[in-house]
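See below for run.txt, which holds compact mmCIF, C-alpha atoms.
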```
# COMPACT_ATOMS: atom_id res chain seq x y z
CA MET R 1 161.67 42.64 -70.08
CA PHE R 2 161.38 40.12 -72.92
CA ASP R 3 164.68 40.53 -74.69
CA THR R 4 166.18 38.22 -77.28
CA MET R 5 168.17 36.18 -74.75
CA THR R 6 165.09 35.44 -72.59
CA PHE R 7 163.06 34.43 -75.64
CA THR R 8 165.89 32.12 -76.80
CA LYS R 9 166.07 30.45 -73.37
CA VAL R 10 162.29 29.87 -73.23
CA PHE R 11 162.22 28.52 -76.79
CA GLY R 12 165.21 26.25 -76.06
CA ALA R 13 163.53 24.91 -72.90
CA LEU R 14 160.34 24.10 -74.84
CA CYS R 15 162.27 22.35 -77.61
CA GLY R 16 164.33 20.39 -75.08
CA SER R 17 161.20 19.30 -73.19
CA LEU R 18 159.56 18.17 -76.42
CA LEU R 19 162.69 16.23 -77.39
CA VAL R 20 162.81 14.44 -74.00
CA PHE R 21 159.09 13.61 -74.28
CA LEU R 22 159.54 12.13 -77.78
CA LEU R 23 162.60 10.09 -76.75
CA VAL R 24 160.77 8.61 -73.74
CA LYS R 25 157.79 7.77 -75.97
CA MET R 26 160.04 6.03 -78.54
CA ALA R 27 161.91 4.08 -75.85
CA GLY R 28 158.64 2.97 -74.24
CA GLY R 29 157.23 1.91 -77.60
CA ALA R 30 160.34 -0.12 -78.39
CA LEU R 31 160.31 -1.87 -75.01
CA TYR R 32 156.63 -2.73 -74.92
CA SER R 33 155.77 -3.35 -78.55
CA THR R 34 153.02 -5.91 -79.20
CA SER R 35 152.66 -5.43 -82.93
CA GLY R 36 152.24 -8.54 -85.04
CA HIS R 37 151.37 -10.88 -82.20
CA GLY R 38 147.58 -11.16 -82.50
CA ASP R 39 144.91 -10.41 -79.94
CA ASP R 40 146.47 -12.42 -77.08
CA ALA R 41 149.76 -10.54 -77.23
CA GLN R 42 152.05 -10.29 -74.25
CA ALA R 43 153.15 -6.89 -73.02
CA TYR R 44 156.71 -7.58 -74.10
CA ILE R 45 158.67 -9.51 -76.69
CA ILE R 46 161.48 -11.91 -75.86
CA ASP R 47 164.31 -11.76 -78.37
CA THR R 48 165.52 -15.28 -79.09
CA GLY R 49 167.81 -14.49 -81.96
CA ALA R 50 165.49 -16.33 -84.37
CA GLY R 51 166.40 -13.89 -87.13
CA GLU R 52 170.08 -14.74 -86.76
CA THR R 53 169.88 -18.19 -88.28
CA THR R 54 172.63 -19.27 -90.61
CA GLU R 55 172.20 -21.72 -93.41
CA VAL R 56 173.58 -25.11 -92.46
CA ALA R 57 173.26 -28.20 -94.56
CA ALA R 58 170.95 -30.81 -93.00
CA GLU R 59 173.71 -33.42 -93.00
CA ASP R 60 175.97 -31.10 -90.94
CA VAL R 61 173.54 -31.05 -87.98
CA PRO R 62 173.83 -34.07 -85.67
CA ASP R 63 170.65 -35.87 -84.65
CA LEU R 64 168.98 -35.10 -81.31
CA ALA R 65 170.31 -38.22 -79.58
CA THR R 66 173.89 -37.21 -80.40
CA LEU R 67 173.27 -33.65 -79.24
CA LEU R 68 171.66 -34.84 -75.99
CA ALA R 69 174.56 -37.21 -75.31
CA SER R 70 177.00 -34.30 -75.49
CA ALA R 71 174.66 -31.67 -73.99
CA ASP R 72 176.05 -29.09 -71.57
CA ILE R 73 173.75 -28.82 -68.51
CA ALA R 74 175.24 -25.46 -67.45
CA ALA R 75 174.69 -24.04 -70.94
CA GLY R 76 171.12 -25.35 -70.81
CA GLU R 77 170.50 -23.41 -67.61
CA LYS R 78 171.75 -20.27 -69.36
CA VAL R 79 169.42 -20.91 -72.32
CA TYR R 80 166.55 -21.28 -69.81
CA ALA R 81 167.02 -17.57 -69.02
CA LYS R 82 164.99 -16.92 -72.19
CA CYS R 83 162.12 -19.00 -70.73
CA ARG R 84 162.28 -17.55 -67.21
CA ALA R 85 159.97 -14.64 -68.02
CA CYS R 86 157.00 -17.00 -68.37
CA HIS R 87 157.97 -20.39 -66.87
CA LYS R 88 159.00 -21.14 -63.30
CA ILE R 89 160.96 -24.11 -61.98
CA ASP R 90 159.78 -23.97 -58.38
CA GLY R 91 156.60 -25.98 -58.95
CA ALA R 92 154.38 -22.89 -59.30
CA ASP R 93 152.80 -21.80 -62.54
CA GLY R 94 153.54 -18.40 -64.02
CA ILE R 95 152.29 -17.07 -67.35
CA GLY R 96 153.16 -20.55 -68.60
CA PRO R 97 153.06 -23.86 -66.72
CA HIS R 98 155.98 -24.78 -64.44
CA LEU R 99 158.73 -26.83 -66.06
CA ASN R 100 159.60 -29.18 -63.19
CA GLY R 101 159.50 -32.70 -64.56
CA VAL R 102 158.43 -31.56 -68.02
CA VAL R 103 160.64 -34.10 -69.81
CA ASN R 104 158.43 -37.17 -70.49
CA ARG R 105 155.47 -35.54 -68.67
CA ALA R 106 152.07 -35.80 -70.35
CA LYS R 107 151.15 -32.73 -72.36
CA ALA R 108 148.57 -30.36 -70.81
CA SER R 109 148.73 -32.28 -67.52
CA ILE R 110 149.23 -29.52 -64.94
CA ASP R 111 145.97 -29.24 -62.96
CA GLY R 112 144.55 -25.73 -62.86
CA PHE R 113 146.58 -24.34 -65.75
CA ALA R 114 144.52 -22.98 -68.67
CA TYR R 115 146.16 -24.60 -71.70
CA SER R 116 145.25 -23.61 -75.25
CA ALA R 117 142.79 -25.87 -77.06
CA VAL R 118 145.50 -27.23 -79.36
CA LEU R 119 147.69 -28.39 -76.45
CA THR R 120 144.68 -29.78 -74.58
CA ALA R 121 143.93 -31.87 -77.67
CA MET R 122 147.48 -33.32 -77.44
CA ALA R 123 146.96 -34.39 -73.80
CA GLY R 124 147.40 -38.11 -74.62
CA ASP R 125 150.95 -37.50 -75.84
CA ALA R 126 154.08 -36.87 -73.72
CA TRP R 127 156.78 -34.20 -73.80
CA THR R 128 159.51 -36.54 -74.96
CA PRO R 129 162.88 -34.97 -75.80
CA GLU R 130 161.94 -35.27 -79.49
CA ASN R 131 158.60 -33.51 -78.96
CA LEU R 132 160.24 -30.80 -76.85
CA ASP R 133 162.87 -30.29 -79.56
CA ALA R 134 160.21 -29.93 -82.26
CA PHE R 135 158.19 -27.57 -80.06
CA LEU R 136 161.19 -25.40 -79.17
CA VAL R 137 162.12 -24.91 -82.84
CA SER R 138 158.88 -22.96 -83.29
CA PRO R 139 156.02 -23.31 -80.80
CA ARG R 140 153.53 -21.74 -83.22
CA ALA R 141 154.47 -24.14 -86.02
CA TYR R 142 154.33 -27.20 -83.72
CA ALA R 143 151.02 -26.26 -82.12
CA ALA R 144 149.21 -23.71 -84.29
CA GLY R 145 146.97 -21.70 -82.00
CA THR R 146 149.12 -22.03 -78.89
CA LYS R 147 149.07 -19.13 -76.45
CA MET R 148 152.87 -19.22 -76.27
CA THR R 149 154.32 -16.17 -78.03
CA PHE R 150 157.95 -17.34 -77.80
CA ALA R 151 159.57 -17.37 -81.26
CA GLY R 152 161.64 -20.51 -80.60
CA LEU R 153 165.26 -21.58 -80.32
CA PRO R 154 166.86 -21.83 -83.77
CA LYS R 155 170.11 -23.51 -82.66
CA PRO R 156 169.91 -27.32 -82.22
CA ALA R 157 172.65 -27.26 -79.55
CA ASP R 158 170.70 -24.71 -77.47
CA ARG R 159 167.58 -26.87 -77.65
CA ALA R 160 169.50 -30.01 -76.65
CA ASN R 161 171.22 -28.19 -73.78
CA VAL R 162 167.99 -26.83 -72.34
CA ILE R 163 166.20 -30.19 -72.73
CA ALA R 164 169.05 -31.94 -70.91
CA TRP R 165 168.93 -29.33 -68.14
CA LEU R 166 165.14 -29.63 -67.85
CA GLY R 167 165.62 -33.38 -67.49
CA THR R 168 167.52 -32.75 -64.27
CA LEU R 169 164.54 -30.94 -62.70
CA ASN R 170 162.44 -34.04 -62.00
```
Please rewrite the model in this file as structure tokens.
Amino acid sequence: MFDTMTFTKVFGALCGSLLVFLLVKMAGGALYSTSGHGDDAQAYIIDTGAGETTEVAAEDVPDLATLLASADIAAGEKVYAKCRACHKIDGADGIGPHLNGVVNRAKASIDGFAYSAVLTAMAGDAWTPENLDAFLVSPRAYAAGTKMTFAGLPKPADRANVIAWLGTLN
């Protein structure tokens, strides 16, 4: 009844089931990792390519005004895809506040949105293109204690493109 072939099939089925279980667990852990993001971590991480920075001399990077003058609106809309998970552009708030009219809007000015204490303290200031650029480099460095877990946009052209595109949403 229990010959060698039957035992081999049963053992193979158990090993295969265990392997599938472990692979699903690893894939789930990779997709929904929250390690290293503090107590207010999101359920997912958005890869911005922040680790892919290349060393460029400071004099090789044009200033923001030059970048904005030559900004590509269509490319800015593509860069916004990284923001879409948390920010909406239809006037409704998501995980983050909506971005309609954000360029030159007062900081922490959307009624009903629960801003972090650090951004609420900046409420007298506006989201000028310069402030948006500094914020988008690294939100945590610009506003230490912000709830925003986005790593930032390391490329100056990407920041200028998305700021120019956001300027069209007024």
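Checking R:Ala75, R:Ile163, R:Leu153, R:Ala141 one by one against Trp127 in chain R, counting all atoms listed in the file, you find the shortest gap at R:Ile163.
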*Check the smallest atom-to-atom distance from each of R:Gly145, R:Gly76, R:Gly12, R:Gly28 to Arg159 in chain R using only C-alpha atoms, then report the winner.*
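Ranking R:Gly145, R:Gly76, R:Gly12, R:Gly28 by distance to Arg159 in chain R, first place goes to R:Gly76.
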*Best match for closeness to Ala85 in chain R among R:Phe135, R:Ile110, R:His98, R:Val20, counting all atoms listed in the file*: R:His98
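One finds CA of Val103 in chain R at 17.5 Å from CA of Ala143 in chain R.
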_With distances taken over only C-alpha atoms, which residue among R:Leu22, R:Leu68, R:Leu14, R:Leu136 lies nearest Tyr80 in chain R?_
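Looking only at the distances to Tyr80 in chain R, the closest residue turns out to be R:Leu136.
CA of Met148 in chain R to CA of Phe113 in chain R spans 13.3 Å [interatomic distance, one decimal].
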*Please indicate the distance in Å from CA of Lys147 in chain R to CA of Val102 in chain R, rounded to one decimal place.*
17.7 Å
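Every protein, DNA or RNA residue with an atom at most 12 Å from Ala144 in chain R, where only C-alpha atoms count and chain neighbours fewer than 6 positions away do not, is listed here: Ser116, Ala117, Val118, Leu119, Ala121, Met122, Phe135 and Ser138 of chain R.
Residues with any atom within 12 Å of Asp63 in chain R, counting all atoms listed in the file and excluding same-chain neighbours fewer than 3 positions away, are Ala58, Glu59, Asp60, Thr66, Leu67, Leu68, Ala69, Ser70, Pro129, Glu130, Asp133, Pro156, Ala157, Arg159 and Ala160 of chain R.
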*In terms of the shortest atom-to-atom distance over only C-alpha atoms, which of R:Thr6, R:Ala65, R:Gly112, R:Pro154 is closest to Ala92 in chain R?*
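With only C-alpha atoms as the atom set, the closest residue is R:Gly112.
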_Please determine, counting only C-alpha atoms, which residue among R:Lys107, R:Arg140, R:Phe2, R:Asp93 has the shortest atom-to-atom distance to Asp125 in chain R._
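Closest residue, counting only C-alpha atoms: R:Lys107.
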*asked:* When you look at Val79 in chain R with a cut-off of 9 Å (counting all atoms listed in the file), what residues show up, excluding the ones that are within fewer than 5 positions of it in the same chain? I need them as a ChimeraX atom specification.
replied: /R:74,158-159,161-162
